[in-house]
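Student: Quick one, start-v1.cif (mmCIF, C-alpha atoms):
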data_structure
#
loop_
_atom_site.label_atom_id
_atom_site.label_comp_id
_atom_site.auth_asym_id
_atom_site.auth_seq_id
_atom_site.Cartn_x
_atom_site.Cartn_y
_atom_site.Cartn_z
CA MET A 253 -43.37 -51.78 -5.48
CA SER A 254 -46.90 -50.41 -5.34
CA GLY A 255 -48.18 -47.35 -7.15
CA ALA A 256 -48.89 -45.65 -3.81
CA ASP A 257 -45.20 -45.88 -2.85
CA ARG A 258 -44.13 -44.39 -6.18
CA ASP A 259 -46.54 -41.49 -5.75
CA TRP A 260 -45.25 -40.83 -2.21
CA ARG A 261 -41.62 -40.63 -3.34
CA ALA A 262 -42.54 -38.55 -6.36
CA ASP A 263 -44.21 -36.01 -4.11
CA LEU A 264 -41.06 -35.69 -1.97
CA THR A 265 -38.82 -35.06 -5.00
CA ARG A 266 -41.08 -32.53 -6.66
CA PRO A 267 -39.15 -29.24 -7.16
CA ASP A 268 -42.03 -27.12 -5.94
CA ASN A 269 -42.09 -28.85 -2.53
CA ARG A 270 -39.72 -27.42 0.10
CA LEU A 271 -37.95 -29.77 2.48
CA PRO A 272 -38.83 -29.38 6.15
CA GLN A 273 -36.41 -27.20 8.10
CA ARG A 274 -34.07 -28.77 10.58
CA PRO A 275 -35.24 -28.13 14.17
CA ASP A 276 -33.04 -25.62 15.99
CA ASP A 277 -32.73 -27.09 19.45
CA ALA A 278 -30.05 -28.45 21.75
CA ARG A 279 -30.44 -31.97 20.41
CA PHE A 280 -29.83 -31.16 16.76
CA GLY A 281 -27.85 -27.93 17.15
CA SER A 282 -28.22 -24.74 15.19
CA ALA A 283 -28.44 -24.76 11.44
CA PRO A 284 -25.08 -24.09 9.79
CA PRO A 285 -24.69 -20.60 8.36
CA ALA A 286 -24.88 -20.11 4.66
CA TYR A 287 -21.38 -18.59 4.60
CA PRO A 288 -18.40 -19.40 6.85
CA GLU A 289 -17.79 -15.77 7.78
CA GLN A 290 -21.23 -15.61 9.36
CA ALA A 291 -20.13 -18.17 11.92
CA ALA A 292 -17.12 -16.09 12.90
CA VAL A 293 -19.26 -13.00 13.31
CA SER A 294 -21.86 -14.78 15.43
CA ALA A 295 -19.19 -16.33 17.64
CA SER A 296 -17.19 -13.20 18.34
CA GLY A 297 -20.04 -10.71 18.19
CA PRO A 298 -20.32 -7.73 15.88
CA GLY A 299 -16.99 -5.88 15.74
CA PRO A 300 -16.28 -2.28 14.85
CA VAL A 301 -17.03 -1.43 11.28
CA THR A 302 -14.14 0.31 9.51
CA PRO A 303 -15.34 2.47 6.65
CA PRO A 304 -13.30 2.07 3.49
CA GLY A 305 -10.84 4.86 2.81
CA PRO A 306 -11.47 7.24 -0.04
CA LYS A 307 -10.19 6.00 -3.36
CA ARG A 308 -8.81 8.46 -5.83
CA SER A 309 -9.18 7.85 -9.51
CA GLY A 310 -6.20 7.63 -11.82
CA ALA A 311 -6.80 11.19 -13.01
CA SER A 312 -7.27 12.91 -9.64
CA ALA A 313 -4.45 10.89 -8.09
CA TYR A 314 -2.02 13.26 -9.81
CA TRP A 315 -3.89 16.42 -8.74
CA HIS A 316 -2.37 18.65 -6.08
CA ARG A 317 -4.07 21.58 -4.42
CA LEU A 318 -1.37 23.91 -5.78
CA HIS A 319 -2.46 23.02 -9.30
CA TYR A 320 -5.34 25.46 -8.79
CA PRO A 321 -3.17 28.62 -8.75
CA VAL A 322 -1.18 27.29 -11.72
CA GLY A 323 -4.39 26.86 -13.72
CA VAL A 324 -5.77 30.24 -12.65
CA PHE A 325 -2.56 31.96 -13.75
CA LEU A 326 -2.65 30.30 -17.17
CA ILE A 327 -6.28 31.29 -17.70
CA ALA A 328 -5.67 34.87 -16.58
CA TYR A 329 -2.60 35.22 -18.78
CA GLY A 330 -4.29 33.79 -21.88
CA LEU A 331 -7.38 35.98 -21.52
CA ALA A 332 -5.32 39.11 -20.80
CA SER A 333 -3.17 38.46 -23.87
CA ALA A 334 -6.22 38.00 -26.09
CA VAL A 335 -7.94 41.16 -24.77
CA ALA A 336 -4.76 43.22 -25.16
CA ALA A 337 -4.41 42.02 -28.76
CA VAL A 338 -7.98 43.06 -29.59
CA LEU A 339 -7.59 46.50 -27.99
CA SER A 340 -4.28 47.22 -29.72
CA TRP A 341 -4.60 45.17 -32.88
CA SER A 342 -2.73 47.59 -35.14
CA ASP A 343 0.25 47.82 -32.82
CA ARG A 344 0.43 44.04 -32.41
CA ARG A 345 0.17 43.56 -36.17
CA ASP A 346 3.02 46.01 -36.72
CA GLN A 347 5.06 44.14 -34.13
CA VAL A 348 4.52 40.85 -35.96
CA ALA A 349 5.33 42.58 -39.26
CA SER A 350 8.72 43.58 -37.85
CA TYR A 351 9.55 39.87 -37.64
CA LEU A 352 7.73 38.58 -40.74
CA ASP A 353 6.35 39.92 -43.99
CA SER A 354 3.74 42.62 -43.50
CA GLY A 355 1.33 40.89 -45.85
CA VAL A 356 0.86 37.90 -43.55
CA ALA A 357 1.20 39.73 -40.23
CA GLY A 358 -2.54 40.00 -39.63
CA THR A 359 -3.19 36.35 -40.49
CA VAL A 360 -0.35 35.13 -38.29
CA LEU A 361 -1.50 37.30 -35.38
CA ALA A 362 -5.08 36.02 -35.67
CA GLY A 363 -3.88 32.43 -35.80
CA VAL A 364 -1.64 32.87 -32.75
CA LYS A 365 -4.41 34.45 -30.69
CA GLY A 366 -6.85 31.75 -31.74
CA LEU A 367 -4.36 29.13 -30.60
CA GLU A 368 -3.97 30.93 -27.28
CA LEU A 369 -7.73 30.82 -26.75
CA LEU A 370 -7.65 27.08 -27.43
CA LEU A 371 -4.93 26.69 -24.80
CA VAL A 372 -7.11 28.62 -22.35
CA VAL A 373 -10.02 26.25 -23.04
CA LEU A 374 -7.77 23.25 -22.34
CA THR A 375 -6.63 24.85 -19.10
CA VAL A 376 -10.22 25.48 -17.98
CA ALA A 377 -11.14 21.87 -18.77
CA GLY A 378 -8.14 20.58 -16.84
CA LEU A 379 -8.99 22.80 -13.88
CA LEU A 380 -12.62 21.70 -13.76
CA ARG A 381 -11.87 18.00 -14.25
CA ARG A 382 -8.76 18.08 -12.05
CA ARG A 383 -6.47 16.69 -14.74
CA ASP A 384 -3.05 18.23 -14.46
CA VAL A 385 -1.95 16.51 -17.67
CA TRP A 386 -4.17 18.96 -19.57
CA PHE A 387 -1.91 21.76 -18.34
CA LEU A 388 0.98 20.36 -20.37
CA PRO A 389 -0.22 21.55 -23.84
CA PRO A 390 -0.79 25.17 -22.68
CA LEU A 391 2.53 25.31 -20.83
CA ALA A 392 4.45 23.68 -23.67
CA GLY A 393 2.62 25.82 -26.25
CA TRP A 394 3.51 29.12 -24.61
CA MET A 395 7.07 27.92 -24.08
CA ALA A 396 7.34 27.09 -27.78
CA GLY A 397 5.89 30.46 -28.76
CA PHE A 398 8.30 32.46 -26.65
CA GLY A 399 11.15 30.24 -27.80
CA VAL A 400 10.36 31.10 -31.43
CA LEU A 401 10.16 34.80 -30.58
CA ALA A 402 13.51 34.61 -28.79
CA VAL A 403 15.12 33.07 -31.89
CA LEU A 404 13.56 35.78 -34.09
CA ASP A 405 14.86 38.44 -31.69
CA VAL A 406 18.38 37.10 -32.11
CA LEU A 407 18.03 37.06 -35.89
CA ARG A 408 16.63 40.60 -35.98
CA GLY A 409 19.01 41.93 -33.33
CA LYS A 410 16.19 42.95 -30.96
CA TRP A 411 17.98 42.48 -27.66
CA GLY A 412 15.31 44.19 -25.56
CA GLY A 413 12.67 41.85 -26.98
CA LEU A 414 15.02 38.92 -26.45
CA ALA A 415 15.29 39.67 -22.72
CA GLU A 416 11.49 39.92 -22.40
CA HIS A 417 10.69 36.79 -24.37
CA PHE A 418 13.47 34.79 -22.75
CA GLY A 419 12.11 35.78 -19.33
CA TYR A 420 8.64 34.50 -20.26
CA LEU A 421 10.23 31.33 -21.61
CA ILE A 422 11.90 30.69 -18.26
CA LEU A 423 8.67 31.50 -16.39
CA PHE A 424 6.58 28.97 -18.30
CA GLY A 425 9.37 26.42 -18.09
CA VAL A 426 9.36 26.74 -14.30
CA LEU A 427 5.57 26.40 -14.23
CA LEU A 428 5.81 23.27 -16.37
CA PHE A 429 8.37 21.80 -14.01
CA VAL A 430 6.35 22.73 -10.91
CA SER A 431 3.10 21.31 -12.32
CA TYR A 432 4.81 18.04 -13.20
CA GLY A 433 6.48 17.79 -9.80
CA LEU A 434 3.23 18.51 -7.99
CA GLY A 435 1.56 15.68 -9.90
CA VAL A 436 4.28 13.25 -8.79
CA LYS A 437 3.98 14.45 -5.19
CA ALA A 438 0.21 14.02 -5.25
CA ARG A 439 0.66 10.48 -6.54
CA LEU A 440 2.96 9.65 -3.63
CA ASN A 441 0.57 11.16 -1.09
CA SER A 442 -2.36 9.15 -2.45
CA GLY A 443 -0.39 5.90 -2.72
CA SER A 444 -1.53 5.50 -6.32
CA GLY A 445 0.11 2.76 -8.31
CA GLY A 446 1.99 1.34 -5.34
CA ALA A 447 4.22 4.39 -5.10
CA ALA A 448 3.56 5.24 -1.46
CA ASP A 449 7.19 4.54 -0.58
CA GLY A 450 8.63 6.12 -3.72
CA GLY A 451 8.72 2.92 -5.74
CA GLY A 452 7.48 2.66 -9.27
CA LEU A 453 8.66 6.16 -10.25
CA THR A 454 10.60 6.90 -13.38
CA ARG A 455 13.94 8.64 -13.23
CA THR A 456 12.38 11.86 -14.49
CA GLN A 457 9.72 11.74 -11.77
CA GLU A 458 12.34 11.11 -9.11
CA LEU A 459 14.39 14.10 -10.26
CA ALA A 460 11.33 16.35 -10.41
CA LEU A 461 10.25 15.31 -6.93
CA ALA A 462 13.75 15.77 -5.48
CA ALA A 463 14.07 19.23 -7.01
CA LEU A 464 10.59 20.22 -5.84
CA ASN A 465 11.41 19.17 -2.29
CA ARG A 466 14.48 21.44 -2.35
CA ILE A 467 12.35 24.55 -2.88
CA PRO A 468 12.55 26.54 0.38
CA ARG A 469 9.28 26.83 2.22
CA PRO A 470 8.36 29.72 4.51
CA ALA A 471 8.89 28.96 8.16
CA PRO A 472 5.68 28.57 10.21
CA PRO A 473 4.89 31.53 12.48
CA SER A 474 6.25 31.14 15.95
CA ARG A 475 3.82 30.93 18.83
CA SER A 476 4.48 33.38 21.61
#
What does this structure look like when you write it as C-alpha cells?

Tutor:
Amino acid sequence: MSGADRDWRADLTRPDNRLPQRPDDARFGSAPPAYPEQAAVSASGPGPVTPPGPKRSGASAYWHRLHYPVGVFLIAYGLASAVAAVLSWSDRRDQVASYLDSGVAGTVLAGVKGLELLLVVLTVAGLLRRRDVWFLPPLAGWMAGFGVLAVLDVLRGKWGGLAEHFGYLILFGVLLFVSYGLGVKARLNSGSGGAADGGGLTRTQELALAALNRIPRPAPPSRS
C-alpha cells in the first residue's frame, strides 16, 4: 500500500475532522433524531404542555393555614405574661414564695420568665418558617408549667388557684392536640409521603385526624 493511501485514510480518521452530514432528501430520508422522544413529538406535533404541580417540602407539608392563629396566640400569651411579670414583679415574687421558699422566689420567677421568652422565640421561628413541629416545645412547656402549679395548688390547698391553673392546662392541651391534628390534615391534603388516601399514618395520627374531623363547623350562610 502506498504512502499516499495511508495519508488519505489518516486524514479521514483524524479527530479534528468532522464527517460529512447525511443528505436530508427523499432518497436517504431524514436524519434520525438524537433521542427517541423527539421522533414521537415530531410525528404527533407539539402537544399541550402541562406545568408541574407545586411541590411542598417535608416541613411545609405539615403546615395548615390554621396554624397561624395558634402561633399568634402563643406569641401574644408569652409576651403578655412576661410584661405582666415585669410590671408586677413584687406581687409575682410573693406568689411564687407562697409555693416555695422566699429566698429562691425571685430566682425561680426570673428563670421561669426567661424560659417563657425562649418558648416565644421558638414559636416565632416556627411561624416564620412554617414548621408546626416547633410549636410542640412551647405547648408542652406551658402544659408542664401549669401541671406543676396544679400539683402545688393541691399540696398547698389553694383550690382557687387549682381551678385557674387546671383550666390553662386544659387549654394548652387542646391547642397541642389541634396543632398536631392540623399537621396530619395538611399532610393528607398535600399527598405527602403517599398518604393522600389516608395510608401511611400512625395510629396516633389517625386518632387525631378522626377527632379533629368531629369538631363541629359553622354552617355556611344560606343564600336567599

Student: So which residues get picked by the PyMOL selection byres ((chain A and resi 416-422) around 7) here, written as an MDAnalysis selection string?

Tutor: chainID A and resid 395 398:399 401:402 412:415 423:426

Student: In Å, how far is it from atom CA of Ala362 of chain A to atom CA of Phe325 of chain A?

Tutor: 22.4 Å

Student: Report as a PyMOL selection string the full result of the PyMOL selection byres ((chain A and resi 462) around 12) when it is applied to this structure.

Tutor: chain A and resi 429-430+433-434+436-437+450+453+455-461+463-467

Student: Exactly which residues make up the result of the PyMOL selection byres ((chain A and resi 375-382) around 9) on this file, given as a list of chain:residue names?

Tutor: A:Ala311, A:Ser312, A:Tyr314, A:Trp315, A:His316, A:His319, A:Tyr320, A:Gly323, A:Val324, A:Leu326, A:Ile327, A:Leu370, A:Leu371, A:Val372, A:Val373, A:Leu374, A:Arg383, A:Asp384, A:Val385, A:Trp386, A:Phe387, A:Leu388, A:Pro389, A:Pro390

Student: Do you have, as a tab-separated table, the list of residues of segment 378-466 of chain A lying at most 10 Å from segment 337-354 of chain A, each with its nearest atom pair and that distance in Å to one decimal, counting all atoms listed in the file and ordered by chain then number?

Tutor:
residue	atom	partner	partner_atom	distance
A:Leu401	CA	A:Tyr351	CA	8.7
A:Leu404	CA	A:Tyr351	CA	6.7
A:Asp405	CA	A:Tyr351	CA	8.1
A:Leu407	CA	A:Tyr351	CA	9.1
A:Arg408	CA	A:Tyr351	CA	7.3
A:Lys410	CA	A:Tyr351	CA	9.9

Student: May I ask which of the residues A:Leu369, A:Ala328, A:Val322, A:Leu361 is the closest one to Tyr432 of chain A, counting all atoms listed in the file?

Tutor: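 Counting all atoms listed in the file, the residue closest to Tyr432 of chain A is A:Val322.
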
Student: Would you place a box with edges along x, y and z of the file around all atoms of segment 345-363 of chain A listed there, add 4 Å to each of its six sides, and report the centre and edge lengths in Å to one decimal, as AutoDock Vina command-line options?

Tutor:
--center_x 2.2 --center_y 39.2 --center_z -40.0 --size_x 22.6 --size_y 21.6 --size_z 19.7
